[in-house]
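Engineer: Pasting a structure here, questions to come.
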Amino acid sequence: MTALPPPGPKKLGLVIDLDQCVGCHACAVVCKEWNTGGHSAPLPDRDPYQKEPRGVWLNRVHTFEVDDESGGGRTVHFPRSCLHCEEPACVTVCPTGASYKRAEDGIVLVNAETCIGCKLCSWACPYGAREFDDDAGVMKKCTLCIDRIYNETLEEEARVPACVSTCPASARHFGDLGDPDSPVSRLVAARGGVDLMPELGYKPVNKYLPPRERRFDAPPPRAKEEETEMGGFLRWIDRVLSR
Amino acid sequence: MPRDILERLAGPPEAIETSRPAADEVKQTTCYMCACRCGINVHLKDGRIRFIEGNRRHPVNRGVLCAKGSAGIMQQMSPAKLRKPLLRVGERGKAEFKEIEWEEALALATEWLGAIRRTDPKRLAFFTGRDQSQSLTGWWAAQFGTPNFAAHGGFCSVNMAAGGLYSIGGSFWEFGEVDWERTRLLLLFGVAEDHDSNPIKLGLAKLKERGAKIVSVNPVRTGYSAVADEWLAVKPGTDGLLVLALVHELLKSDRIDLDFLARYTNAPWLVRRDDGLFARDAEGRTLVWDRRTDAAVPSSAIDVSPRIVGEVRLADGAEAVPVFHLVAERYLDASYAPEAVAARCGVPAETIRRLAAEIARAAFDEAIVLEQPWTDWAGRRHATMIGRPVAMHAMRGISAHSNGFQTCRALHLLQMLIGAVDTPGAWRYKAPFPRHMPVGPKPAGKRTAPETPLGGSPLGNPAGPEDLLVEPDGTPIRIDKAYSWEAPLALHGLMHMVVRNAWAGDPYEIDTLFMYMANMSWNSAMNPPEIIRMLTDKRPDGSYRIPRIIYSDAFFSEMVAYADLVLPDTTYLERWDCISILDRPIGSAEGPGDAIRQPVLTPDRDVRPFQDVLIELGARLKLPGFVDEDGRPKYPGLYPDYLVNHERKPGVGPLMGFRGPNGEPNPDQLRRYVENGCFWRGRLPEDALYYKHANKAYLEAAKRMGFVETTDQIVLQLYSEPLQKFRRAAEGHGPIQPPEHLRRRVALYCDPLPFWYPPLDESDLPLAAVTQRPMPMYHSWHSQNAWLRQILSKNRLYIHRATAERLGLADGDLVEIESRNGKVTARVRLSSGVEPGTVWTWNAIGKRAGAWNLDPAAPEATEGFLLNHLIGELLPDGRLANADPVTGQAAWYDLRVRIRKADTATAPSPRFETLRPPEGISPAPDIVRWNP
């Protein structure tokens with residue numbers, strides 16, 4: 001079983017805005033694209049042109065319909081990837097230490113060299129955030145683009161996870177959730193960001209921003225006289241206009 | 001467990017190389033995974049694509065990229081890429097080809113096309129699909145001398161183009177944009193994933209962050225509708241009625257911008273009661289009635305006080321009323337009251353009334369005043385710019401109905417009434433729009449002759465019956481019957497009717513159908529089974545009814561099987577290309593812009609860019625403009641040579657940026673584009689950014705840039721006189737009149753004021769059926785993409801839970817969808833995000849077995865389905881296109897169906913023979929391990 005490092009001050013993670021996510025899958029595909037040539041390379045695709053294509057994806061988007069009492073309901077797009085928990089069971093169950101949490105930034109990674117492909121971690125993760133590469137026989141997962149965020153060969157603006165850099169709807173944010181003054185922490189506070197399934201006690205670092213309240217605020221009714229017909233369109237006969 | 005044991009087990013900690021260079025080289029170009037034209041940075045490693053990301057400095061996408069764009073790698077790796085020219089050796093449709101050399105292919109095409117040009121150029125029908133080189137292809141057709149040219153706009157969204165061009169001199173589509181920084185209320189009508197895909201997403205995020213309200217009017221709650229503050233589940237095809245009810249409410253409560261109407265629209269223009277045309281003076285100038293002098297004065301006069309209602313008597317004794325009088329008369333009528341339309345639209349009357357009040361509040365109570373001085377067209381200085389922060393955007397859900405043109409006009413009417421056209425906070429024109437109406441040029445092609453160019457562009461904008469392309473007896477001149485009485489404003493042609501008409505010899509037979517990137521035997525057709533029959537149908541003598549088909553595509557699409565000669569194209573990463581100012585540039589409200597593609601990879605197969613091939617064919621055919629006086633190729637460097645050196649008039653070529661000091665061709669132009677990220681952007685002065693239709697600084701800049709001919713005000717058209725001219729002809733006036741069987745139709749639908757009518761193909765079948773584009777898969781060609789097809793490889797028919805319950809359907813049940821045209825089997829998915837009288841599915845997921853080099857057992861073929869099979873290409877009368885009667889826009893979304901539960905004993909329908917990829921295409925791999 002693998003031990004967790006002592007909790008550090010830095011908790012890098014994602015803030016995902018469920019109010020703005022339009023479900024376009026841009027984050028999922030760019031993740032695939034970056035990571036198939038990145039730290040976890042490759043992310044293979046089996047039967048890519050056949051009956052059951054199935055590949056390794058470190059980020060997937062799900063769509064749910066939520067019905068409410070009033071019959072309004074809503075469609076919610078829900079991107080799902082590793083939440084880089086503060087107390088990740090996927091790490092503590094790992095028999096070889098391959099699954100580990102970094103002390104310096106809290107990122108949860110898998111060391112492919114020592115992963116024996118036993119899949120205990122994917123059973124332990126309640127969020128379904130791990131993907132088994134049966135071609136290489138190792139477990140893969142979101143690295144928070146560790147090969148981008150510190151990558152000095154990239155332009156500074158590009159040093160964020162690929163999913164964050166590409167999201168067209170600005171629904172993904174990256175930063176230090178251990179710092180209460182960071183932009184992401186302030187965003188979480190302002191929007192009432194939530195943990196996913198907090199009752200399980202894994203303390204996910206990633207946060208989800210819930211959909212904003214819908215607004216149906218009707219303007220006050222117009223004064224009565226303006227609602228009357230006023231002689232139909234002839235009310236405009238004496239309007240002085242200029243060209 | 002003691003830590004040292006763990007560490008020994010685990011070995012040394014993982015060494016992570018956090019600064020590994022992602023690429024040896026980054027090349028910038030323009031994406032083409034959809035029509036959005038985003039800038040991309042293609043990271044290459046050992047000559048292979050490592051990563052494609054959005055270009056952060058690109059004005060269209062500002063660094064973001066969608067799912068399709070990021071999947072460009074897998075498009076490049078597609079196992080369905082064509083590899084070499086193909087000549088048919090078996091029966092059409094069997095995909096039995098032999099590979100031939102390019103020289104043989106080009107010689108053959110030249111021989112076929114040359115013979116046509118020497119005898120009757122009309123016998124070539126040249127139609128292109130989703131390419132973005134229509135300024136080249138259209139010019140080629142014109143030089144060849146055939147009027148039978150169009151791209152795919154007729155089945156895409158010509159209603160939006162035409163509705164806009166005849167109302168405000170610009171249009172939605174990607175030719176306008178929301179003032180994302182300032183709008184308070186955005187109304188989306190029929191907008192799902194579409195053109196301007198990333199800019200809309202970027203913009204919605206801005207609105208969300210500012211707390212502006214988003215209302216989506218759409219029968220289906222996906223994507224943008226899902227994140228909208230309010231989703232109005234309108235019944236398909238009734239948006240026009242809803243919009244006109246909003247107009248009714250705003251007029252009734254006098255919440256309209258009369259100053260805007262008087263100044264910037266034809267609201268005060270006088271319309272003669274006798275003929276419905278504008279009253280004109282001896283010099284042909286339109287008139288308004290000036291209150292001060294109590295006389296008719298030219299509408300271009302300034303500092304007059306025009307009346308906007310009330311009858312007046314003209315000098316010739318005729319009665320006339322201002323346009324606004326007719327507007328008020330029509331839309332104040334109780335038939336447009338919310339109560340009268342609510343049931344039909346599926347939107348409660350109180351919701352319509354509230355929405356009208358919200359529009360009025362945003363437009364007038366929250367009006368914007370920009371401290372930006374500006375000068376109007378007449379030279380008068382204004383200290384501020386008044387803005388109406390209500391923006392609208394509309395697209396396919398409006399367009400793909402047979403009432404889409406008038407519905408689009410209704411939307412523009414609503415925008416004009418509240419002063420929300422190119423004012424701060426509203427919808428804005430993108431350069432090179434707006435244009436003066438009637439917008440020129442007219443369509444060319446009235447006369448054709450052997451070896452003679454057309455003398456103009458095959459596509460244009462008719463201003464009246466005299467501009468139609470019809471024989472004296474009313475017979476259409478074009479094979480697709482565009483610009484005929486069947487579709488007078490068919491600005492983009494009717495590609496969807498070409499195969500049928502060519503097969504039927506109606507209005508005449510053709511020799512060669514030449515197509516590019518258009519999947520006409522599958523998802524680009526209405527009624528594919530019938531189209532397939534026509535493509536393969538033979539005469540009694542054994543010859544094909546459509547004698548020859550030349551087709552260019554990069555991939556083994558369903559259409560390839562029907563070609564006699566296949567000219568394999570490159571991918572978008574392997575060629576020069578142009579997002580031209582002459583075609584569909586990437587301008588913005590802030591200024592003009594255009595872009596190029598540069599090849600970032602070298603093809604690994606014997607394929608050529610279609611644009612190169614077209615230029616070479618032009619030279620071999622010795623088309624004027626493609627050869628010099630000595631008959632030598634004018635563009636020996638092919639498309640890149642043409643992009644730089646071709647000029648329509650001095651200083652005007654395909655690209656606006658980086659020209660010589662006096663606008664002349666610059667041999668260094670493409671290099672300059674490449675250095676600039678493959679795009680160019682101009683910037684309008686600050687005082688030219690709004691009120692472009694009446695803004696002197698803008699109009700002068702636009703004239704300098706060649707976008708407009710004059711700096712006269714562009715007067716927005718509530719009332720469209722060209723439509724009245726068609727109507728009047730139908731009522732028996734003038735030398736050019738429609739044939740008898742079309743009189744009633746033309747008179748009814750060519751209404752100069754927007755109106756709503758039920759879709760033409762309204763049957764008594766109980767449900768409407770529509771499609772939505774899935775965001776990660778814009779076109780059919782994405783099914784060959786190993787990554788994108790993992791997101792969506794089969795589609796379900798979405799049905800409202802209550803409707804399903806009524807029909808006894810459970811989630812996942814197999815159903816038979818039946819229309820007047822046929823049957824399709826599908827599985828249902830129950831949903832609450834759909835209007836209860838509507839069913840829908842994702843567009844273009846269903847594939848023909850074997851096409852795109854997919855395994856015939858792929859879900860796209862076994863569980864994917866198209867609604868296309870259910871849509872008749874003709875109206876039930878069997879004569880007229882299933883299309884908008886004004887524009888010829890294919891009416892995909894008018895489909896009505898009935899659904900019944902099926903079981904596994906029900907034969908899946910329709911059935912098609914499995915296609916076998918042609919010679920040279922290897923079987924697809926069973927694993928991809930992409931790791932450059």
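Each chain in the structure tokens gets a letter, A, B, ..., in the order shown, and its residues are numbered from 1; ligands are numbered from 1 in order too.
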Within 6 Å of chain B, which residues of chain A are there when counting only C-alpha atoms? Please give them as a VMD selection string.
Structural biologist: chain A and resid 22 24 to 26 29 to 30 36 to 37 42 44 to 51 75 96 to 97 111 147 150 to 153 166 to 170 214 218 226 to 227 233 237 241 to 243
Engineer: From the options B:Ala844, B:Leu489, B:Ala769, B:Ala420, which residue's atoms come nearest to B:Tyr893, counting only C-alpha atoms?
Structural biologist: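 Of B:Ala844, B:Leu489, B:Ala769, B:Ala420, the one nearest B:Tyr893 is B:Ala769, counting only C-alpha atoms.
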Engineer: Could you give me the residues within stretch 109-270 of chain B that DSSP places in helix (DSSP H, G or I), as JSON, numbers by chain?
Structural biologist: {"B": [109, 110, 111, 112, 113, 114, 115, 116, 117, 118, 119, 121, 122, 123, 134, 135, 136, 137, 138, 139, 140, 141, 142, 143, 144, 152, 153, 154, 158, 159, 160, 161, 162, 163, 164, 165, 197, 198, 199, 200, 201, 202, 203, 204, 205, 206, 207, 208, 209, 210, 223, 224, 225, 226, 227, 239, 240, 241, 242, 243, 244, 245, 246, 247, 248, 249, 250, 251, 252, 258, 259, 260, 261, 262, 263, 264]}
Engineer: Next, the residues of the selection above should be written as a PDB file, in the first residue's frame with C-alpha atoms.
Structural biologist:
ATOM      1  CA  ALA B 109     -11.332  15.410 -67.958  1.00  0.00           C
ATOM      2  CA  THR B 110     -10.047  17.913 -70.510  1.00  0.00           C
ATOM      3  CA  GLU B 111     -11.399  15.815 -73.354  1.00  0.00           C
ATOM      4  CA  TRP B 112     -14.839  15.445 -71.762  1.00  0.00           C
ATOM      5  CA  LEU B 113     -15.128  19.054 -70.668  1.00  0.00           C
ATOM      6  CA  GLY B 114     -13.601  20.429 -73.879  1.00  0.00           C
ATOM      7  CA  ALA B 115     -16.220  18.717 -75.980  1.00  0.00           C
ATOM      8  CA  ILE B 116     -18.961  20.240 -73.859  1.00  0.00           C
ATOM      9  CA  ARG B 117     -17.471  23.697 -74.033  1.00  0.00           C
ATOM     10  CA  ARG B 118     -17.176  23.516 -77.832  1.00  0.00           C
ATOM     11  CA  THR B 119     -20.844  22.613 -78.186  1.00  0.00           C
ATOM     12  CA  PRO B 121     -21.338  24.760 -72.047  1.00  0.00           C
ATOM     13  CA  LYS B 122     -24.628  24.438 -70.151  1.00  0.00           C
ATOM     14  CA  ARG B 123     -24.217  20.686 -70.370  1.00  0.00           C
ATOM     15  CA  GLN B 134     -16.061  29.472 -54.231  1.00  0.00           C
ATOM     16  CA  SER B 135     -14.554  32.632 -55.607  1.00  0.00           C
ATOM     17  CA  LEU B 136     -12.245  30.409 -57.655  1.00  0.00           C
ATOM     18  CA  THR B 137     -14.764  27.720 -58.537  1.00  0.00           C
ATOM     19  CA  GLY B 138     -17.445  30.258 -59.490  1.00  0.00           C
ATOM     20  CA  TRP B 139     -15.030  32.193 -61.634  1.00  0.00           C
ATOM     21  CA  TRP B 140     -13.896  28.964 -63.304  1.00  0.00           C
ATOM     22  CA  ALA B 141     -17.521  28.117 -64.130  1.00  0.00           C
ATOM     23  CA  ALA B 142     -18.064  31.601 -65.531  1.00  0.00           C
ATOM     24  CA  GLN B 143     -14.962  31.337 -67.717  1.00  0.00           C
ATOM     25  CA  PHE B 144     -16.065  27.904 -68.844  1.00  0.00           C
ATOM     26  CA  HIS B 152     -23.868  23.900 -51.265  1.00  0.00           C
ATOM     27  CA  GLY B 153     -25.504  27.008 -49.799  1.00  0.00           C
ATOM     28  CA  GLY B 154     -28.883  26.030 -51.198  1.00  0.00           C
ATOM     29  CA  VAL B 158     -29.368  30.390 -48.103  1.00  0.00           C
ATOM     30  CA  ASN B 159     -32.499  31.589 -46.346  1.00  0.00           C
ATOM     31  CA  MET B 160     -30.340  33.381 -43.840  1.00  0.00           C
ATOM     32  CA  ALA B 161     -28.202  34.937 -46.553  1.00  0.00           C
ATOM     33  CA  ALA B 162     -31.139  36.015 -48.692  1.00  0.00           C
ATOM     34  CA  GLY B 163     -33.362  37.109 -45.807  1.00  0.00           C
ATOM     35  CA  GLY B 164     -30.560  39.336 -44.577  1.00  0.00           C
ATOM     36  CA  LEU B 165     -29.303  40.659 -47.895  1.00  0.00           C
ATOM     37  CA  SER B 197     -18.742  27.774 -33.619  1.00  0.00           C
ATOM     38  CA  ASN B 198     -15.874  28.926 -31.415  1.00  0.00           C
ATOM     39  CA  PRO B 199     -16.667  32.656 -31.553  1.00  0.00           C
ATOM     40  CA  ILE B 200     -20.172  31.934 -30.282  1.00  0.00           C
ATOM     41  CA  LYS B 201     -18.859  29.805 -27.427  1.00  0.00           C
ATOM     42  CA  LEU B 202     -16.316  32.464 -26.509  1.00  0.00           C
ATOM     43  CA  GLY B 203     -19.065  35.052 -26.665  1.00  0.00           C
ATOM     44  CA  LEU B 204     -21.553  33.112 -24.559  1.00  0.00           C
ATOM     45  CA  ALA B 205     -18.919  32.845 -21.855  1.00  0.00           C
ATOM     46  CA  LYS B 206     -18.512  36.625 -21.913  1.00  0.00           C
ATOM     47  CA  LEU B 207     -22.254  37.118 -21.553  1.00  0.00           C
ATOM     48  CA  LYS B 208     -22.353  34.650 -18.678  1.00  0.00           C
ATOM     49  CA  GLU B 209     -19.529  36.409 -16.899  1.00  0.00           C
ATOM     50  CA  ARG B 210     -21.280  39.774 -17.317  1.00  0.00           C
ATOM     51  CA  GLY B 223     -25.417  22.790 -26.334  1.00  0.00           C
ATOM     52  CA  TYR B 224     -26.191  26.497 -26.262  1.00  0.00           C
ATOM     53  CA  SER B 225     -29.825  25.872 -25.373  1.00  0.00           C
ATOM     54  CA  ALA B 226     -28.664  23.821 -22.392  1.00  0.00           C
ATOM     55  CA  VAL B 227     -26.687  26.711 -20.913  1.00  0.00           C
ATOM     56  CA  ASP B 239     -40.384  30.802 -35.106  1.00  0.00           C
ATOM     57  CA  GLY B 240     -41.677  33.378 -37.576  1.00  0.00           C
ATOM     58  CA  LEU B 241     -45.018  33.422 -35.872  1.00  0.00           C
ATOM     59  CA  LEU B 242     -43.372  33.820 -32.481  1.00  0.00           C
ATOM     60  CA  VAL B 243     -41.212  36.675 -33.752  1.00  0.00           C
ATOM     61  CA  LEU B 244     -44.158  38.460 -35.311  1.00  0.00           C
ATOM     62  CA  ALA B 245     -46.062  38.120 -32.038  1.00  0.00           C
ATOM     63  CA  LEU B 246     -43.128  39.877 -30.366  1.00  0.00           C
ATOM     64  CA  VAL B 247     -43.395  42.535 -33.070  1.00  0.00           C
ATOM     65  CA  HIS B 248     -47.116  42.815 -32.333  1.00  0.00           C
ATOM     66  CA  GLU B 249     -46.472  43.310 -28.641  1.00  0.00           C
ATOM     67  CA  LEU B 250     -43.757  45.910 -29.166  1.00  0.00           C
ATOM     68  CA  LEU B 251     -45.885  47.864 -31.610  1.00  0.00           C
ATOM     69  CA  LYS B 252     -48.907  47.629 -29.368  1.00  0.00           C
ATOM     70  CA  LEU B 258     -39.157  55.465 -34.180  1.00  0.00           C
ATOM     71  CA  ASP B 259     -36.124  57.701 -34.519  1.00  0.00           C
ATOM     72  CA  PHE B 260     -34.069  54.782 -35.757  1.00  0.00           C
ATOM     73  CA  LEU B 261     -36.841  53.741 -38.106  1.00  0.00           C
ATOM     74  CA  ALA B 262     -37.208  57.216 -39.562  1.00  0.00           C
ATOM     75  CA  ARG B 263     -33.512  57.738 -40.030  1.00  0.00           C
ATOM     76  CA  TYR B 264     -32.092  54.376 -40.934  1.00  0.00           C
TER      77      TYR B 264
END
Engineer: Fewer than 5 positions away in the same chain doesn't count, so skip those; otherwise give me all residues within 9 Å of A:Leu187, counting only C-alpha atoms, as an MDAnalysis selection string.
Structural biologist: chainID A and resid 15 182 192:193 209
Engineer: Could you pull out the residues in stretch 733-850 of chain B that DSSP calls strand (DSSP E) from the backbone, as a list of chain:residue names?
Structural biologist: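 The residues of stretch 733-850 of chain B classed as strand (DSSP E) are B:Leu767, B:Ala768, B:Ala769, B:Val770, B:Thr771, B:Gln772, B:Leu797, B:Tyr798, B:Ile799, B:His800, B:Leu814, B:Val815, B:Glu816, B:Ile817, B:Glu818, B:Lys823, B:Val824, B:Thr825, B:Ala826, B:Arg827, B:Val828, B:Arg829, B:Leu830, B:Ser831, B:Thr838, B:Val839, B:Trp840, B:Thr841, B:Trp842.
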Engineer: Expressed in Å to a single decimal, how great is the separation between atom CA of B:Gly587 and atom CA of B:Gly706?
Structural biologist: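 According to the coordinates, atom CA of B:Gly587 and atom CA of B:Gly706 are separated by 14.1 Å.
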Engineer: When you draw a straight line from atom CA of B:Asn695 to atom CA of B:Val271, how long is it in Å?
Structural biologist: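 Distance reported for this atom pair: 26.1 Å.
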Engineer: Which residues are near stretch 117-124 of chain A? Cut-off 8 Å, only C-alpha atoms, ignore same chain within fewer than 6 positions. Put them as a PyMOL selection string.
Structural biologist: chain A and resi 89-91+93-94+99+130-132+137-139
Engineer: Which residue is closest to A:Val164? Choose from A:Val188, A:Cys27, A:Leu234, A:Leu12 and count only C-alpha atoms.
Structural biologist: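 Closest to A:Val164 of all the choices is A:Cys27.
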Engineer: Which residues are near stretch 552-559 of chain B? Cut-off 10 Å, only C-alpha atoms, ignore same chain within fewer than 5 positions. Put them as a PyMOL selection string.
Structural biologist: chain B and resi 75+78-83+85+93+95+128-129+514-524+532+535+565-572+607-610+613+780-781+784+847-854+915-918+921
Engineer: If you count only C-alpha atoms, which residues fall within 12 Å of B:Ile817, apart from same-chain ones fewer than 4 positions away, as a VMD selection string?
Structural biologist: chain B and resid 765 to 769 796 to 799 821 to 828 839 to 841 865 to 871 895 to 902 906 908 to 910
Engineer: Excluding B:Leu573 and its own-chain neighbours fewer than 5 positions away, which residues fall within 10 Å of it when counting only C-alpha atoms? Please give them as a list in words.
Structural biologist: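 Here the answer would be Thr29, Thr30, Cys31, Tyr32, Val42, Gly72, Ile73, Gln75, Gln76, Arg597, Gln598, Pro599, Val600, Leu601, Thr602 and Pro603 of chain B.
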Engineer: From the list A:Gly13, A:Ala41, A:Glu86, A:Phe216, which residue is nearest B:Val215 when using only C-alpha atoms?
Structural biologist: A:Phe216
